[in-house]
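Chemist: Data file model-v4.tsv (TSV, N, CA and C atoms) is appended below.
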chain	number	residue	atom	x	y	z
A	1	MET	N	-3.40	6.15	36.15
A	1	MET	CA	-2.26	5.89	35.30
A	1	MET	C	-2.72	6.00	33.85
A	2	SER	N	-1.96	6.65	33.03
A	2	SER	CA	-2.34	6.82	31.63
A	2	SER	C	-1.90	5.62	30.80
A	3	VAL	N	-2.58	5.42	29.67
A	3	VAL	CA	-2.22	4.35	28.76
A	3	VAL	C	-0.80	4.58	28.27
A	4	GLY	N	-0.01	3.55	28.29
A	4	GLY	CA	1.35	3.64	27.79
A	4	GLY	C	2.38	3.90	28.87
A	5	HIS	N	1.97	4.21	30.07
A	5	HIS	CA	2.93	4.43	31.15
A	5	HIS	C	3.26	3.08	31.77
A	6	ASP	N	4.44	2.59	31.49
A	6	ASP	CA	4.85	1.26	31.93
A	6	ASP	C	6.08	1.40	32.82
A	7	LEU	N	5.93	1.07	34.08
A	7	LEU	CA	7.03	1.20	35.03
A	7	LEU	C	8.17	0.24	34.74
A	8	LEU	N	7.91	-0.80	33.95
A	8	LEU	CA	8.94	-1.76	33.62
A	8	LEU	C	9.63	-1.44	32.29
A	9	GLY	N	9.30	-0.32	31.71
A	9	GLY	CA	9.97	0.10	30.49
A	9	GLY	C	9.44	-0.56	29.23
A	10	GLY	N	8.15	-0.85	29.18
A	10	GLY	CA	7.54	-1.45	28.00
A	10	GLY	C	7.55	-0.49	26.83
A	11	PRO	N	7.04	-0.94	25.71
A	11	PRO	CA	7.06	-0.11	24.51
A	11	PRO	C	6.17	1.12	24.67
A	12	PRO	N	6.52	2.20	24.00
A	12	PRO	CA	5.69	3.39	24.05
A	12	PRO	C	4.40	3.17	23.25
A	13	PRO	N	3.40	3.99	23.47
A	13	PRO	CA	2.16	3.86	22.69
A	13	PRO	C	2.43	4.11	21.21
A	14	THR	N	1.63	3.48	20.39
A	14	THR	CA	1.70	3.69	18.95
A	14	THR	C	0.55	4.59	18.54
A	15	PHE	N	0.86	5.58	17.73
A	15	PHE	CA	-0.13	6.55	17.26
A	15	PHE	C	-0.13	6.53	15.73
A	16	LEU	N	-1.24	6.07	15.16
A	16	LEU	CA	-1.35	6.04	13.70
A	16	LEU	C	-1.60	7.44	13.16
A	17	PRO	N	-1.19	7.67	11.91
A	17	PRO	CA	-1.50	8.97	11.29
A	17	PRO	C	-2.98	9.06	10.96
A	18	ILE	N	-3.49	10.27	10.84
A	18	ILE	CA	-4.90	10.46	10.50
A	18	ILE	C	-5.17	9.92	9.10
A	19	ASP	N	-6.31	9.30	8.95
A	19	ASP	CA	-6.77	8.71	7.70
A	19	ASP	C	-7.68	9.73	7.01
A	20	VAL	N	-7.07	10.78	6.48
A	20	VAL	CA	-7.82	11.95	5.99
A	20	VAL	C	-8.89	11.58	4.98
A	21	GLY	N	-8.54	10.79	3.98
A	21	GLY	CA	-9.49	10.47	2.91
A	21	GLY	C	-10.73	9.77	3.43
A	22	ALA	N	-10.53	8.71	4.19
A	22	ALA	CA	-11.67	7.95	4.69
A	22	ALA	C	-12.48	8.76	5.69
A	23	VAL	N	-11.81	9.48	6.57
A	23	VAL	CA	-12.53	10.30	7.55
A	23	VAL	C	-13.41	11.32	6.83
A	24	THR	N	-12.84	11.99	5.85
A	24	THR	CA	-13.58	13.01	5.10
A	24	THR	C	-14.77	12.40	4.37
A	25	ALA	N	-14.54	11.28	3.70
A	25	ALA	CA	-15.62	10.64	2.93
A	25	ALA	C	-16.74	10.14	3.83
A	26	LEU	N	-16.38	9.47	4.92
A	26	LEU	CA	-17.41	8.98	5.83
A	26	LEU	C	-18.16	10.14	6.49
A	27	SER	N	-17.44	11.19	6.84
A	27	SER	CA	-18.09	12.37	7.45
A	27	SER	C	-19.04	13.05	6.47
A	28	ALA	N	-18.74	12.95	5.19
A	28	ALA	CA	-19.59	13.55	4.16
A	28	ALA	C	-20.81	12.69	3.85
A	29	GLY	N	-20.87	11.50	4.47
A	29	GLY	CA	-22.03	10.63	4.26
A	29	GLY	C	-21.85	9.60	3.17
A	30	ASP	N	-20.65	9.46	2.64
A	30	ASP	CA	-20.40	8.41	1.64
A	30	ASP	C	-20.64	7.05	2.28
A	31	THR	N	-21.09	6.10	1.49
A	31	THR	CA	-21.35	4.76	2.02
A	31	THR	C	-20.04	4.06	2.36
A	32	PRO	N	-20.06	3.20	3.37
A	32	PRO	CA	-18.83	2.45	3.68
A	32	PRO	C	-18.30	1.68	2.48
A	33	ASP	N	-19.17	1.11	1.65
A	33	ASP	CA	-18.73	0.38	0.47
A	33	ASP	C	-17.94	1.29	-0.47
A	34	SER	N	-18.45	2.49	-0.71
A	34	SER	CA	-17.74	3.40	-1.62
A	34	SER	C	-16.42	3.90	-1.01
A	35	VAL	N	-16.40	4.04	0.30
A	35	VAL	CA	-15.18	4.50	0.96
A	35	VAL	C	-14.11	3.40	0.92
A	36	VAL	N	-14.52	2.15	1.13
A	36	VAL	CA	-13.57	1.04	1.03
A	36	VAL	C	-13.00	0.97	-0.39
A	37	ARG	N	-13.85	1.17	-1.38
A	37	ARG	CA	-13.39	1.13	-2.78
A	37	ARG	C	-12.39	2.25	-3.07
A	38	ALA	N	-12.61	3.41	-2.46
A	38	ALA	CA	-11.71	4.55	-2.68
A	38	ALA	C	-10.46	4.47	-1.83
A	39	TYR	N	-10.58	3.89	-0.63
A	39	TYR	CA	-9.47	3.83	0.33
A	39	TYR	C	-9.35	2.41	0.90
A	40	PRO	N	-8.93	1.45	0.08
A	40	PRO	CA	-8.94	0.05	0.52
A	40	PRO	C	-7.95	-0.28	1.63
A	41	THR	N	-7.02	0.59	1.93
A	41	THR	CA	-6.09	0.33	3.03
A	41	THR	C	-6.58	0.92	4.35
A	42	SER	N	-7.74	1.55	4.34
A	42	SER	CA	-8.27	2.22	5.52
A	42	SER	C	-8.99	1.27	6.47
A	43	SER	N	-8.43	1.07	7.65
A	43	SER	CA	-9.13	0.27	8.67
A	43	SER	C	-10.44	0.91	9.07
A	44	LEU	N	-10.48	2.23	9.09
A	44	LEU	CA	-11.72	2.92	9.46
A	44	LEU	C	-12.84	2.59	8.48
A	45	ALA	N	-12.53	2.58	7.19
A	45	ALA	CA	-13.54	2.25	6.19
A	45	ALA	C	-14.02	0.81	6.35
A	46	TRP	N	-13.08	-0.11	6.58
A	46	TRP	CA	-13.46	-1.51	6.78
A	46	TRP	C	-14.27	-1.68	8.06
A	47	ALA	N	-13.95	-0.92	9.10
A	47	ALA	CA	-14.72	-0.98	10.35
A	47	ALA	C	-16.15	-0.54	10.11
A	48	ALA	N	-16.31	0.53	9.36
A	48	ALA	CA	-17.66	1.02	9.05
A	48	ALA	C	-18.44	-0.01	8.24
A	49	LEU	N	-17.77	-0.65	7.29
A	49	LEU	CA	-18.42	-1.68	6.48
A	49	LEU	C	-18.78	-2.90	7.34
A	50	SER	N	-17.89	-3.29	8.24
A	50	SER	CA	-18.16	-4.41	9.14
A	50	SER	C	-19.34	-4.10	10.05
A	51	ASP	N	-19.37	-2.90	10.61
A	51	ASP	CA	-20.47	-2.52	11.49
A	51	ASP	C	-21.80	-2.48	10.74
A	52	GLN	N	-21.76	-2.01	9.49
A	52	GLN	CA	-22.97	-1.97	8.67
A	52	GLN	C	-23.48	-3.40	8.41
A	53	ALA	N	-22.57	-4.32	8.09
A	53	ALA	CA	-22.97	-5.71	7.86
A	53	ALA	C	-23.54	-6.32	9.13
A	54	TRP	N	-22.88	-6.05	10.26
A	54	TRP	CA	-23.35	-6.57	11.55
A	54	TRP	C	-24.78	-6.09	11.84
A	55	ALA	N	-25.01	-4.80	11.62
A	55	ALA	CA	-26.33	-4.23	11.88
A	55	ALA	C	-27.40	-4.85	10.99
A	56	ALA	N	-27.00	-5.32	9.82
A	56	ALA	CA	-27.94	-5.95	8.88
A	56	ALA	C	-28.09	-7.45	9.16
A	57	GLY	N	-27.39	-7.96	10.17
A	57	GLY	CA	-27.48	-9.37	10.50
A	57	GLY	C	-26.57	-10.26	9.67
A	58	ALA	N	-25.67	-9.67	8.91
A	58	ALA	CA	-24.74	-10.42	8.05
A	58	ALA	C	-23.46	-10.69	8.85
A	59	VAL	N	-23.51	-11.66	9.74
A	59	VAL	CA	-22.43	-11.92	10.68
A	59	VAL	C	-21.15	-12.36	9.97
A	60	VAL	N	-21.27	-13.27	9.02
A	60	VAL	CA	-20.09	-13.77	8.33
A	60	VAL	C	-19.43	-12.66	7.52
A	61	GLU	N	-20.22	-11.84	6.86
A	61	GLU	CA	-19.68	-10.72	6.11
A	61	GLU	C	-19.02	-9.72	7.05
A	62	SER	N	-19.64	-9.46	8.19
A	62	SER	CA	-19.06	-8.57	9.19
A	62	SER	C	-17.70	-9.09	9.63
A	63	TYR	N	-17.62	-10.40	9.87
A	63	TYR	CA	-16.36	-11.03	10.26
A	63	TYR	C	-15.31	-10.81	9.17
A	64	ALA	N	-15.68	-11.06	7.93
A	64	ALA	CA	-14.72	-10.94	6.82
A	64	ALA	C	-14.25	-9.50	6.66
A	65	PHE	N	-15.16	-8.55	6.72
A	65	PHE	CA	-14.77	-7.15	6.59
A	65	PHE	C	-13.86	-6.73	7.74
A	66	ALA	N	-14.19	-7.16	8.96
A	66	ALA	CA	-13.37	-6.82	10.12
A	66	ALA	C	-11.97	-7.43	9.99
A	67	ARG	N	-11.90	-8.65	9.46
A	67	ARG	CA	-10.60	-9.30	9.31
A	67	ARG	C	-9.72	-8.53	8.33
A	68	VAL	N	-10.29	-8.06	7.22
A	68	VAL	CA	-9.51	-7.28	6.26
A	68	VAL	C	-9.02	-5.99	6.92
A	69	GLY	N	-9.91	-5.29	7.60
A	69	GLY	CA	-9.53	-4.05	8.26
A	69	GLY	C	-8.50	-4.25	9.35
A	70	TYR	N	-8.59	-5.36	10.05
A	70	TYR	CA	-7.62	-5.71	11.08
A	70	TYR	C	-6.23	-5.87	10.46
A	71	HIS	N	-6.15	-6.60	9.36
A	71	HIS	CA	-4.85	-6.80	8.71
A	71	HIS	C	-4.30	-5.51	8.11
A	72	ARG	N	-5.18	-4.69	7.55
A	72	ARG	CA	-4.74	-3.38	7.06
A	72	ARG	C	-4.20	-2.54	8.21
A	73	GLY	N	-4.87	-2.64	9.37
A	73	GLY	CA	-4.42	-1.91	10.55
A	73	GLY	C	-3.09	-2.41	11.08
A	74	LEU	N	-2.88	-3.73	11.07
A	74	LEU	CA	-1.58	-4.27	11.48
A	74	LEU	C	-0.47	-3.73	10.60
A	75	ASP	N	-0.73	-3.65	9.30
A	75	ASP	CA	0.27	-3.08	8.38
A	75	ASP	C	0.58	-1.64	8.76
A	76	ALA	N	-0.46	-0.86	9.03
A	76	ALA	CA	-0.27	0.55	9.40
A	76	ALA	C	0.47	0.68	10.72
A	77	LEU	N	0.11	-0.15	11.69
A	77	LEU	CA	0.79	-0.11	12.99
A	77	LEU	C	2.28	-0.41	12.83
A	78	ARG	N	2.60	-1.41	12.05
A	78	ARG	CA	4.01	-1.75	11.84
A	78	ARG	C	4.76	-0.60	11.17
A	79	ARG	N	4.11	0.04	10.20
A	79	ARG	CA	4.75	1.21	9.56
A	79	ARG	C	4.97	2.33	10.56
A	80	ALA	N	4.12	2.39	11.59
A	80	ALA	CA	4.23	3.43	12.62
A	80	ALA	C	5.19	3.05	13.74
A	81	GLY	N	5.86	1.88	13.61
A	81	GLY	CA	6.87	1.49	14.59
A	81	GLY	C	6.43	0.46	15.61
A	82	TRP	N	5.20	0.00	15.55
A	82	TRP	CA	4.70	-0.99	16.49
A	82	TRP	C	5.42	-2.31	16.26
A	83	LYS	N	5.81	-2.98	17.34
A	83	LYS	CA	6.59	-4.21	17.25
A	83	LYS	C	5.77	-5.47	17.60
A	84	GLY	N	4.47	-5.39	17.55
A	84	GLY	CA	3.65	-6.57	17.82
A	84	GLY	C	3.03	-6.62	19.19
A	85	HIS	N	3.32	-5.62	20.03
A	85	HIS	CA	2.71	-5.53	21.34
A	85	HIS	C	2.87	-4.11	21.86
A	86	GLY	N	2.10	-3.82	22.87
A	86	GLY	CA	2.17	-2.50	23.48
A	86	GLY	C	0.93	-1.67	23.21
A	87	PRO	N	0.85	-0.54	23.87
A	87	PRO	CA	-0.35	0.28	23.81
A	87	PRO	C	-0.66	0.85	22.42
A	88	VAL	N	-1.96	0.78	22.11
A	88	VAL	CA	-2.51	1.44	20.92
A	88	VAL	C	-3.73	2.19	21.46
A	89	PRO	N	-3.54	3.41	21.94
A	89	PRO	CA	-4.59	4.11	22.68
A	89	PRO	C	-5.83	4.45	21.85
A	90	TRP	N	-6.98	4.11	22.40
A	90	TRP	CA	-8.27	4.47	21.80
A	90	TRP	C	-8.42	5.99	21.75
A	91	SER	N	-7.89	6.69	22.72
A	91	SER	CA	-8.05	8.15	22.81
A	91	SER	C	-7.43	8.87	21.62
A	92	HIS	N	-6.51	8.22	20.92
A	92	HIS	CA	-5.92	8.80	19.70
A	92	HIS	C	-6.84	8.38	18.54
A	93	GLU	N	-7.65	9.31	18.08
A	93	GLU	CA	-8.71	8.99	17.12
A	93	GLU	C	-8.25	8.19	15.90
A	94	PRO	N	-7.09	8.48	15.29
A	94	PRO	CA	-6.67	7.67	14.15
A	94	PRO	C	-6.46	6.18	14.45
A	95	ASN	N	-6.28	5.83	15.72
A	95	ASN	CA	-6.15	4.41	16.11
A	95	ASN	C	-7.50	3.70	16.12
A	96	GLN	N	-8.58	4.45	16.14
A	96	GLN	CA	-9.89	3.85	16.35
A	96	GLN	C	-10.35	2.96	15.20
A	97	GLY	N	-9.93	3.22	13.97
A	97	GLY	CA	-10.31	2.34	12.87
A	97	GLY	C	-9.80	0.93	13.10
A	98	PHE	N	-8.51	0.82	13.43
A	98	PHE	CA	-7.94	-0.50	13.72
A	98	PHE	C	-8.63	-1.14	14.92
A	99	LEU	N	-8.79	-0.38	15.99
A	99	LEU	CA	-9.38	-0.93	17.21
A	99	LEU	C	-10.84	-1.32	17.00
A	100	ARG	N	-11.56	-0.56	16.19
A	100	ARG	CA	-12.95	-0.93	15.87
A	100	ARG	C	-12.98	-2.24	15.09
A	101	CYS	N	-12.04	-2.41	14.15
A	101	CYS	CA	-11.97	-3.67	13.41
A	101	CYS	C	-11.66	-4.83	14.34
A	102	LEU	N	-10.73	-4.62	15.23
A	102	LEU	CA	-10.37	-5.67	16.18
A	102	LEU	C	-11.57	-6.04	17.05
A	103	ARG	N	-12.26	-5.04	17.55
A	103	ARG	CA	-13.45	-5.28	18.38
A	103	ARG	C	-14.53	-6.00	17.57
A	104	ALA	N	-14.76	-5.57	16.32
A	104	ALA	CA	-15.76	-6.20	15.45
A	104	ALA	C	-15.38	-7.64	15.12
A	105	LEU	N	-14.10	-7.88	14.93
A	105	LEU	CA	-13.63	-9.23	14.65
A	105	LEU	C	-13.90	-10.15	15.84
A	106	GLY	N	-13.65	-9.66	17.04
A	106	GLY	CA	-13.94	-10.44	18.24
A	106	GLY	C	-15.42	-10.71	18.41
A	107	ARG	N	-16.23	-9.70	18.15
A	107	ARG	CA	-17.69	-9.84	18.26
A	107	ARG	C	-18.19	-10.90	17.28
A	108	ALA	N	-17.74	-10.82	16.04
A	108	ALA	CA	-18.19	-11.78	15.02
A	108	ALA	C	-17.61	-13.16	15.28
A	109	ALA	N	-16.37	-13.24	15.75
A	109	ALA	CA	-15.78	-14.55	16.07
A	109	ALA	C	-16.60	-15.24	17.15
A	110	ALA	N	-17.01	-14.50	18.15
A	110	ALA	CA	-17.85	-15.08	19.20
A	110	ALA	C	-19.19	-15.54	18.63
A	111	ALA	N	-19.74	-14.76	17.71
A	111	ALA	CA	-21.05	-15.10	17.13
A	111	ALA	C	-21.00	-16.35	16.27
A	112	ILE	N	-19.85	-16.66	15.69
A	112	ILE	CA	-19.74	-17.88	14.88
A	112	ILE	C	-19.07	-19.01	15.67
A	113	SER	N	-19.01	-18.84	16.99
A	113	SER	CA	-18.45	-19.85	17.91
A	113	SER	C	-16.97	-20.12	17.69
A	114	GLU	N	-16.25	-19.12	17.25
A	114	GLU	CA	-14.78	-19.20	17.13
A	114	GLU	C	-14.21	-18.72	18.46
A	115	VAL	N	-14.40	-19.53	19.49
A	115	VAL	CA	-14.14	-19.14	20.88
A	115	VAL	C	-12.67	-18.79	21.12
A	116	ASP	N	-11.76	-19.60	20.63
A	116	ASP	CA	-10.33	-19.32	20.85
A	116	ASP	C	-9.94	-17.97	20.27
A	117	GLU	N	-10.43	-17.70	19.06
A	117	GLU	CA	-10.11	-16.41	18.44
A	117	GLU	C	-10.73	-15.26	19.23
A	118	ALA	N	-11.97	-15.42	19.63
A	118	ALA	CA	-12.64	-14.37	20.41
A	118	ALA	C	-11.87	-14.09	21.71
A	119	ASP	N	-11.37	-15.13	22.35
A	119	ASP	CA	-10.59	-14.95	23.58
A	119	ASP	C	-9.26	-14.24	23.30
A	120	ARG	N	-8.58	-14.62	22.23
A	120	ARG	CA	-7.31	-13.96	21.87
A	120	ARG	C	-7.54	-12.48	21.57
A	121	ILE	N	-8.62	-12.20	20.88
A	121	ILE	CA	-8.91	-10.80	20.52
A	121	ILE	C	-9.24	-10.00	21.77
A	122	SER	N	-9.98	-10.59	22.68
A	122	SER	CA	-10.29	-9.90	23.94
A	122	SER	C	-9.01	-9.52	24.68
A	123	ALA	N	-8.07	-10.45	24.74
A	123	ALA	CA	-6.78	-10.18	25.39
A	123	ALA	C	-5.99	-9.12	24.63
A	124	PHE	N	-6.03	-9.17	23.31
A	124	PHE	CA	-5.32	-8.20	22.48
A	124	PHE	C	-5.89	-6.81	22.69
A	125	LEU	N	-7.21	-6.70	22.75
A	125	LEU	CA	-7.83	-5.40	23.01
A	125	LEU	C	-7.38	-4.82	24.35
A	126	LEU	N	-7.31	-5.66	25.37
A	126	LEU	CA	-6.85	-5.20	26.68
A	126	LEU	C	-5.40	-4.76	26.64
A	127	ASP	N	-4.58	-5.46	25.87
A	127	ASP	CA	-3.18	-5.08	25.71
A	127	ASP	C	-3.05	-3.73	25.00
A	128	CYS	N	-3.93	-3.52	24.02
A	128	CYS	CA	-3.88	-2.24	23.28
A	128	CYS	C	-4.31	-1.08	24.18
A	129	ASP	N	-5.45	-1.25	24.85
A	129	ASP	CA	-5.97	-0.19	25.72
A	129	ASP	C	-7.12	-0.76	26.53
A	130	PRO	N	-6.98	-0.87	27.84
A	130	PRO	CA	-8.05	-1.42	28.65
A	130	PRO	C	-9.30	-0.53	28.72
A	131	ASN	N	-9.23	0.68	28.16
A	131	ASN	CA	-10.36	1.61	28.22
A	131	ASN	C	-11.13	1.72	26.91
A	132	ILE	N	-10.98	0.75	26.02
A	132	ILE	CA	-11.74	0.78	24.76
A	132	ILE	C	-13.22	0.55	25.08
A	133	PRO	N	-14.10	1.39	24.54
A	133	PRO	CA	-15.52	1.19	24.81
A	133	PRO	C	-16.01	-0.14	24.21
A	134	ALA	N	-17.04	-0.71	24.83
A	134	ALA	CA	-17.58	-2.00	24.39
A	134	ALA	C	-18.18	-1.93	22.99
A	135	SER	N	-18.70	-0.79	22.62
A	135	SER	CA	-19.27	-0.64	21.26
A	135	SER	C	-19.33	0.80	20.86
Rewrite the structure of this file - the entire thing - as structure tokens.

Modeler:
Amino acid sequence: MSVGHDLLGGPPPTFLPIDVGAVTALSAGDTPDSVVRAYPTSSLAWAALSDQAWAAGAVVESYAFARVGYHRGLDALRRAGWKGHGPVPWSHEPNQGFLRCLRALGRAAAAISEVDEADRISAFLLDCDPNIPAS
């Protein structure tokens, strides 16, 4: 069964538009910090910054960056017609910035013992797409 196929008539999948600026800058090797400064509404840029902080052992900073990217992604999803639930497929590459932020937020929440939030995020990820890779 494909993501978004709901026999009970649930909402259709949400597909975000491509984030051309951030994708181009990150692909060119620009630092996540410079990409966030150039494209502050980009969940992809915030995800890259969160992952960079996580890799450096800066858990709290990773959490904060992921939270910003998550909220930027919620704004984008709503603009794309999302009503607060339903599929957000990982297979649609422009969705991956938001989903990476959500995954990073859950990872960091667990690391700082924010158990309730980590559990909510885990459930949210499954609601978006049960096939999101672990990392």

Chemist: In stretch 16-114 of chain A, what's helix (DSSP H, G or I) per DSSP? Answer as number ranges by chain?

Modeler: A: 20-27, 32-38, 43-55, 59-79, 93-111

Chemist: Give me the residues near stretch 49-61 of chain A as number ranges by chain, where near means some atom within 6.5 Å (using all atoms listed in the file) and where sequence neighbours in that chain fewer than 6 positions away do not count.

Modeler: A: 32-33, 108

Chemist: Record the distance separating atom CA of A:Phe124 and atom CA of A:Thr41, expressed in Å with one decimal.

Modeler: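 If I compute the distance from atom CA of A:Phe124 to atom CA of A:Thr41, I get 21.3 Å.
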
Chemist: Of the residues A:Ala76, A:Ile132, A:Ala109, A:Ala118, which is the one nearest to A:Ser62, using all atoms listed in the file?

Modeler: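 Between A:Ala76, A:Ile132, A:Ala109, A:Ala118, the residue approaching A:Ser62 most closely is A:Ala109.
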
Chemist: Between atom N of A:Arg103 and atom CA of A:Ile121, what is the distance in Å, rounded to a tenth?

Modeler: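 A separation of 7.3 Å between them.
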
Chemist: Have a look at A:Ser42, A:Thr14, A:Ser113, A:Ser91 and name the one nearest to A:Gly69; count only C-alpha atoms.

Modeler: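 Using only C-alpha atoms, the shortest distance to A:Gly69 belongs to A:Ser42.
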
Chemist: So, counting only N, CA and C atoms, which residue among A:Ala110, A:Ala22, A:Cys101, A:Val88 is closest to A:Asp129?

Modeler: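 Between A:Ala110, A:Ala22, A:Cys101, A:Val88, the residue approaching A:Asp129 most closely is A:Val88.
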